[in-house]
Amino acid sequence: MAENIETASYDALVIGAGIAGGEAALNLANNGFKVLLVEKDLSIGGKMILLSKVFPTLDCSACITTPKVSEISRHPGIKIFTGTEVKKIQKKSENNFEAIVVKAPRYVIEEDCTGCQLCEQACPVVVRDQYQYNLVGRKAAFIPFSIASPRVAAIDIENCTLCGACEKVCPTKCIDFTMEAVEHHVNIGTVIVATGFRLFDPLKIPRYGYGLYKNVLTSMEMERQLAPTRPFNTVLRPGDGKVPDKLAYVLCTGSRDATVGNPICSQICCMYSIKQAQLLMGALPMADVTIYYLNIRSFGKGFEEFYEQAKGMGVNFVKGKIGKITEKENGNLILRYEDINESVVKESEHDMVILSVGVMPNPDAGGFFGEGELKLDPFSFVHQTDLLGSPPETSIRGVFVAGTASGPMDIPDSILSAGAASSEAISYLNRKQ
Amino acid sequence: MNKKSARILVFSTEKISDPAIDMAGLLKLHYPPTVYTISVPCSSGIKPRWILHAYEKGFDGVFIAADGSDCTYGESCTEKTGHVVGVTHQMMKDKNIDPARLRMAAICSVCSESFVKQIRSFNQYLLESTKS
Amino acid sequence: MNKKLGVYICHCGGNISDYVDVEKVREAVRDEEGVCLAKTTMFACSDASQKEMIEDIRQNNLDGMVVASCSPKLHLVTFRAVSERAELNKYNYVHANIREQVSWAHSDDKAGATEKAIGIVKSAIAKVRLAEALNPIKIHSEKAVAVIGGGVAGLRAAIELSNMGSPVTLIEREHFVGGRVSQWDVMFTTNQTGKELVTRLYNDLISRDNVTLLTGAEVISNTGSIGDFTLKVKITPRYIRARCDEGYLQKAIDVCPVVVPDEFNFNITNRKAIYHNFPSEYPQYPVIDIKNCTRCGECEKVCGIIDFSQKEEIVEIRVGSVLMATGFDPYTPYPGEFGYHQFEEVITLPQFKRLTELNYKKLIYKGKEIKNIAYIYCVGSRQIEGEVHTVASADDLSKDTGSNQIEGENRYCSRYCCTSVIHTSIDAKRKFGNISNFHFTRGIRTYGKQELLYAESLRLGDIYLQSYENDPPLVYRENGRTHVKINDILTGRREISVTADLVVLVTGMVPRADNSVATLFKLPKGRDNFFNEIHMKLRPVETVIDGITICGACQGPKNITESMNSALSAATKTFSYVSKGEIELEPIIAEVDKELCKWCGECQKACPFDAVKMETSEGKEIAVINNSVCKGCGMCLPVCPVNAIDLIAFSDNEIESMINALVS
């Protein structure tokens, strides 16, 4: 384990560098506070930077995220650790927390890497690319994705064969296999938990056939197929590379479903599915897109109008509950569903099915503090102790929650929640004297 | 004139009509590639001499994508932009330039389709008028 | 004057290079005058590219830079910051848009797109050649802030600003703070009451030295701009001197002969012209409603602290930033819309919420005990094109429409109402027992954790029916009773009719009917008439008017948690405008050529911001621009008869050389 221990102090520790954590860190830094922003992943930007476009403005997500990401990464008041996990946080007294964070070795000296990708070309190992949601492969020496920040290489040591090809071609000699984990002991005045969410794992609903039928995808996999940094440059069926022309969305996959342990609504799936449907109508003008739903929840600013726009474009909305999906020999899929309007069970054939997977809690958040100190709600999201008066407050004074760590929400709500958390954090820090 | 498309200079505005022209691109609404845009803060601040300069240098037409009632600098924008066009039209007549080679339309920040429609019809006009 | 320029042409990972031959563009511009470096790059905005640009600028001592990439709306700021980090003045950076306005717009014509890209990059080069280094205009900023609206969002924002160390003036139009929330009893999802929340916020607020609370106060004028707004506030007196002995006060209320509908209870009860809203509203001083008061003087006879000599007062305050939290109005149905004002059993959700609070043990309305309640959802929300409502009586006709059909224009969903009505209906069942709830919905939207309330309501046996937008339920009278009829899509479009003792119209949120305060600040509104933020996704509390932030339901429908988050966010943003005591403004402003100017006053007439003054300089009258007021719109340019005014960065020279470059 790490023998290298470094110590430092900051005003605030922000855990998670997605859009909520990033916004909170920026607000704090812009008001003159020193922030340590810790991200488990190799790049900051969270899930938003990987999305195609955002509803209901249809702004390119990468395009509006990257300016924010660069602002965060070059802010003199923000220190960023990527590839870093929080091991433990202890509250010593008010405004005095001690955190132990562990920075895993990247095996690349970040400061020296130019992102030239020569190592990537030289590396002989191909594995699934998690940043493209496994749709394509990547190398073991790799840059996470084209707009990653920092845009520097990393070595996936689990899959690396230690052949040394990358070391030989690296023009700046920045690859270093002797790197070790470094443990940082930091003193901080306040903590913002912005650990985000996980996507529902559709393997938990075997009757939908995810993992078994190749043309059943998750919405995040479709998101990658539609993104500007997309792997195929068009939309393809993973089964046979055919361009699909009859697509189906299954809403509430893993949400509002007590049988999978998640009775709550995920708040974003209706809208992102409607958005994807609109993008698909643009990308594949001949395709039919059907959305199977229980209730369409287009409740935010401009959302209802966006839903109406999708209907106007010809997206087909069917109020129906999916029972089972089966695969035909040609890879097409048969959806068996209850048509609620007609109260009959029907079947329909589609050549691609997208499961609109829900928002699940990130279990990391509960583990940072001592047993039970940071209370979670019945769904394992971070519990908000003063929901109506001070939504960012948690069960620990001086620890605030931002974004989807406290429950499902969309991007503007995450930004507002992050703004609120940073506001409370500033007040908490100011109260010190 | 043996051109497929006319050379058009568009004066757009940074906050209102330029976003609409951007969105026309985003939506892949095509228009002739001989249409060039210069963006200014507000359409009521365009000087007639800039427009005349464009004709001198060989532009077939000038299109003012005006802020209209959405102008962030105030309601007087529409009237003032109209005045600029009026004054320029007079100067064009004096110089024997067909006043129809200057057009103006209010383009709101989401008026992409209307922009493309306007430009296509303007292009059509310019091609036909220069042919004869 | 021979500038050394660097030019970068972005592939945008194919977004540009799939349609524009970026290499050809590079070749076409690399020999332009002044260009000493021309490169293509995969992602100009990536950190690695930015680093490379900084090194290039430093190593080659560049005096100007052009990046040809996406729209300047996305990355102008990014690359200006790059030049600044390389100690190159950011106004020596010029952005060329070859994605939205070239590669994407002309994806059907690659040769044409490439030609156009060359022209655009050349014109950017022409502009950067003439660009001047500029420094931001620094102006003093008042550290104080005004919060307009004393509902829970405004109260919360004011508290937070006070915490951060900024003096705050909270301006509330009514005589009491708390806004809509003070009218609510138990609220989802915590079952706290509105009263509790308002009491807590109010007590916190008034304990602070740096907060001034003005009630009965309305902003009547605004001058100035970010850093230095001067607001005139009109304060209507309460006509009551101080806290009154409650016994005498009650006597005064009793003797008052004026009876008017009580707006606090959404007109389901009446009040006198002298009134209070104890214990819900703060400050807890009674008020005389001077508009309805007949000055009969009866109250004065029994209560000594009444003082009709109090005068309206105008105060002036100076602040660096203004935070708007003006809230919403509940939608008011037209007479006849779902039987409203037509059948007496039909009320709105806010009225129902007041009714459940005011009743004990039994739910009584108009003397009758209520058992069966029908709730009609989405009244005034999610209205579809062509959805018309017949106005019940000819007297209610709107004169402009000239017909008795009114078309609803609220396309948006009001977000809070599904959860609110389900919560209230559960509460009614708990409080009064023996109640049957029938929900006539358009699809339930209890998003997020609020879903649990819906599940609970189903468990309690509430009946849910659903119709489509174009086939709304019908409220009608038959055999002396009121019924609601629906073609229920949950049961295969069966026609179902329910006899209701009370019909609750689940009305949504609409923008404040009197939003005149927004006009004073020139705040833009969206399609739905709520105030518009600068960017829906990433900048939800800022507005295009520098120094003005918005929060709570004035920006769009929100529940309390969401309003609180936006209030706290807006407080942080507003604080960042005033915290440093200084604000930097764009130096793109108009400039008068003293030699040419012969003062005629045309520019002063054209300026919408009153930024032009006549001054005498060296014995000559000339126009002078006020730097901190000029917004750089350029309206003064074309009106000058001697062409003496230029806009910095848009000078004749710059524009004409750009035109030359486009046709070269």
# chains A, B, ... in the order shown; residues from 1 in each chain; ligands from 1
$ interface_residues --of "chain C" --to "chain B" --cutoff "6 Å" --atoms "only C-alpha atoms" --output "PyMOL selection string"
chain C and resi 100-101+104-106+112-113+633-635+637-638
$ closest_atom_pairs --of "chain C" --to "chain A" --cutoff "8 Å" --atoms "only C-alpha atoms" --output "Markdown table"
| residue | atom | partner | partner_atom | distance |
| --- | --- | --- | --- | --- |
| C:Gly13 | CA | A:Thr229 | CA | 7.0 |
| C:Asn15 | CA | A:Pro228 | CA | 7.4 |
| C:Phe43 | CA | A:Ile147 | CA | 7.6 |
| C:Cys45 | CA | A:Thr66 | CA | 7.5 |
| C:Ser46 | CA | A:Ile147 | CA | 6.1 |
| C:Asp47 | CA | A:Arg151 | CA | 6.4 |
| C:Ala48 | CA | A:Thr114 | CA | 6.2 |
| C:Leu74 | CA | A:Ile64 | CA | 6.6 |
| C:His75 | CA | A:Pro67 | CA | 6.8 |
| C:Thr78 | CA | A:Pro67 | CA | 6.3 |
| C:Arg156 | CA | A:Gly389 | CA | 7.9 |
| C:Glu160 | CA | A:Ser427 | CA | 7.1 |
| C:Asn163 | CA | A:Ser427 | CA | 5.6 |
| C:Met164 | CA | A:Ser427 | CA | 5.8 |
| C:Thr190 | CA | A:Leu387 | CA | 7.5 |
| C:Leu197 | CA | A:Gly389 | CA | 6.9 |
| C:Arg382 | CA | A:Glu304 | CA | 7.0 |
| C:Arg411 | CA | A:Glu305 | CA | 6.5 |
| C:Tyr412 | CA | A:Glu304 | CA | 5.3 |
| C:Cys413 | CA | A:Phe299 | CA | 5.2 |
| C:Ser414 | CA | A:Phe299 | CA | 6.8 |
| C:Arg415 | CA | A:Phe299 | CA | 4.9 |
| C:Gly443 | CA | A:Asn295 | CA | 5.3 |
| C:Ile444 | CA | A:Asn295 | CA | 6.3 |
| C:Arg445 | CA | A:Arg297 | CA | 5.3 |
| C:Thr446 | CA | A:Cys265 | CA | 7.6 |
| C:Tyr447 | CA | A:Gln267 | CA | 5.3 |
| C:Gly448 | CA | A:Cys265 | CA | 4.4 |
| C:Lys449 | CA | A:Ile264 | CA | 5.2 |
| C:Gln450 | CA | A:Ile264 | CA | 7.4 |
| C:Glu451 | CA | A:Ile264 | CA | 5.3 |
| C:Leu452 | CA | A:Ile264 | CA | 6.6 |
| C:Ile489 | CA | A:Asn341 | CA | 5.0 |
| C:Leu490 | CA | A:Ile340 | CA | 5.9 |
| C:Thr491 | CA | A:Ser343 | CA | 6.5 |
| C:Gly492 | CA | A:Glu342 | CA | 4.6 |
| C:Arg493 | CA | A:Asn341 | CA | 6.9 |
| C:Met536 | CA | A:Pro412 | CA | 6.9 |
| C:Lys537 | CA | A:Pro412 | CA | 4.8 |
| C:Leu538 | CA | A:Pro412 | CA | 6.2 |
| C:Arg539 | CA | A:Pro412 | CA | 7.8 |
| C:Pro540 | CA | A:Pro412 | CA | 6.5 |
| C:Gly556 | CA | A:Lys301 | CA | 6.4 |
| C:Pro557 | CA | A:Lys301 | CA | 7.6 |
| C:Ile560 | CA | A:Leu388 | CA | 6.0 |
| C:Thr561 | CA | A:Leu388 | CA | 5.1 |
| C:Glu562 | CA | A:Asp413 | CA | 7.4 |
| C:Met564 | CA | A:Ser390 | CA | 6.9 |
| C:Asn565 | CA | A:Ala420 | CA | 5.0 |
| C:Ser566 | CA | A:Leu416 | CA | 5.3 |
| C:Ala567 | CA | A:Ala420 | CA | 7.6 |
| C:Leu568 | CA | A:Ala420 | CA | 4.5 |
| C:Ser569 | CA | A:Gly419 | CA | 4.1 |
| C:Ala570 | CA | A:Gly419 | CA | 7.7 |
| C:Ala571 | CA | A:Ser423 | CA | 7.3 |
| C:Thr572 | CA | A:Ser423 | CA | 5.6 |
| C:Ser576 | CA | A:Asn31 | CA | 6.5 |
| C:Ser579 | CA | A:Asn31 | CA | 7.9 |
$ select_by_dssp --residues "chain B" --states "strand (DSSP E)" --output "VMD selection string"
chain B and resid 8 to 13 35 to 40 61 to 66 102 to 106
$ closest_residue --among "C:Leu205, C:Met65, C:Ile16, C:Cys378" --to "C:Met42" --atoms "only C-alpha atoms"
C:Ile16
$ select_by_dssp --residues "stretch 245-320 of chain C" --states "helix (DSSP H, G or I)" --output "list in words"
Glu246, Gly247, Tyr248, Leu249, Gln250, Lys251, Ala252, Ile253, Asp254, Val255, Glu263, Phe264, Asn265, Glu298, Cys299, Glu300, Lys301 and Val302 of chain C
$ atom_distance --atom1 "atom CA of A:Cys252" --atom2 "atom CA of C:Val379"
26.5 Å
$ residues_around --residues "B:Phe63" --least-positions-apart "5" --cutoff "9 Å" --atoms "only C-alpha atoms" --output "list in words"
Ile8, Leu9, Val10, Phe11, Ser12, Arg101, Leu102, Arg103, Met104, Ala105, Ile119 and Phe122 of chain B
$ residues_around --residues "stretch 166-174 of chain C" --least-positions-apart "4" --cutoff "6 Å" --atoms "only C-alpha atoms" --output "list of chain:residue names"
C:Ala144, C:Val145, C:Ala146, C:Val147, C:Ile148, C:Gly149, C:Gly150, C:Leu161, C:Ser162, C:Asn210, C:Val211, C:Thr212, C:Leu213, C:Leu214, C:Thr215, C:Gly216, C:Ala217, C:Glu218
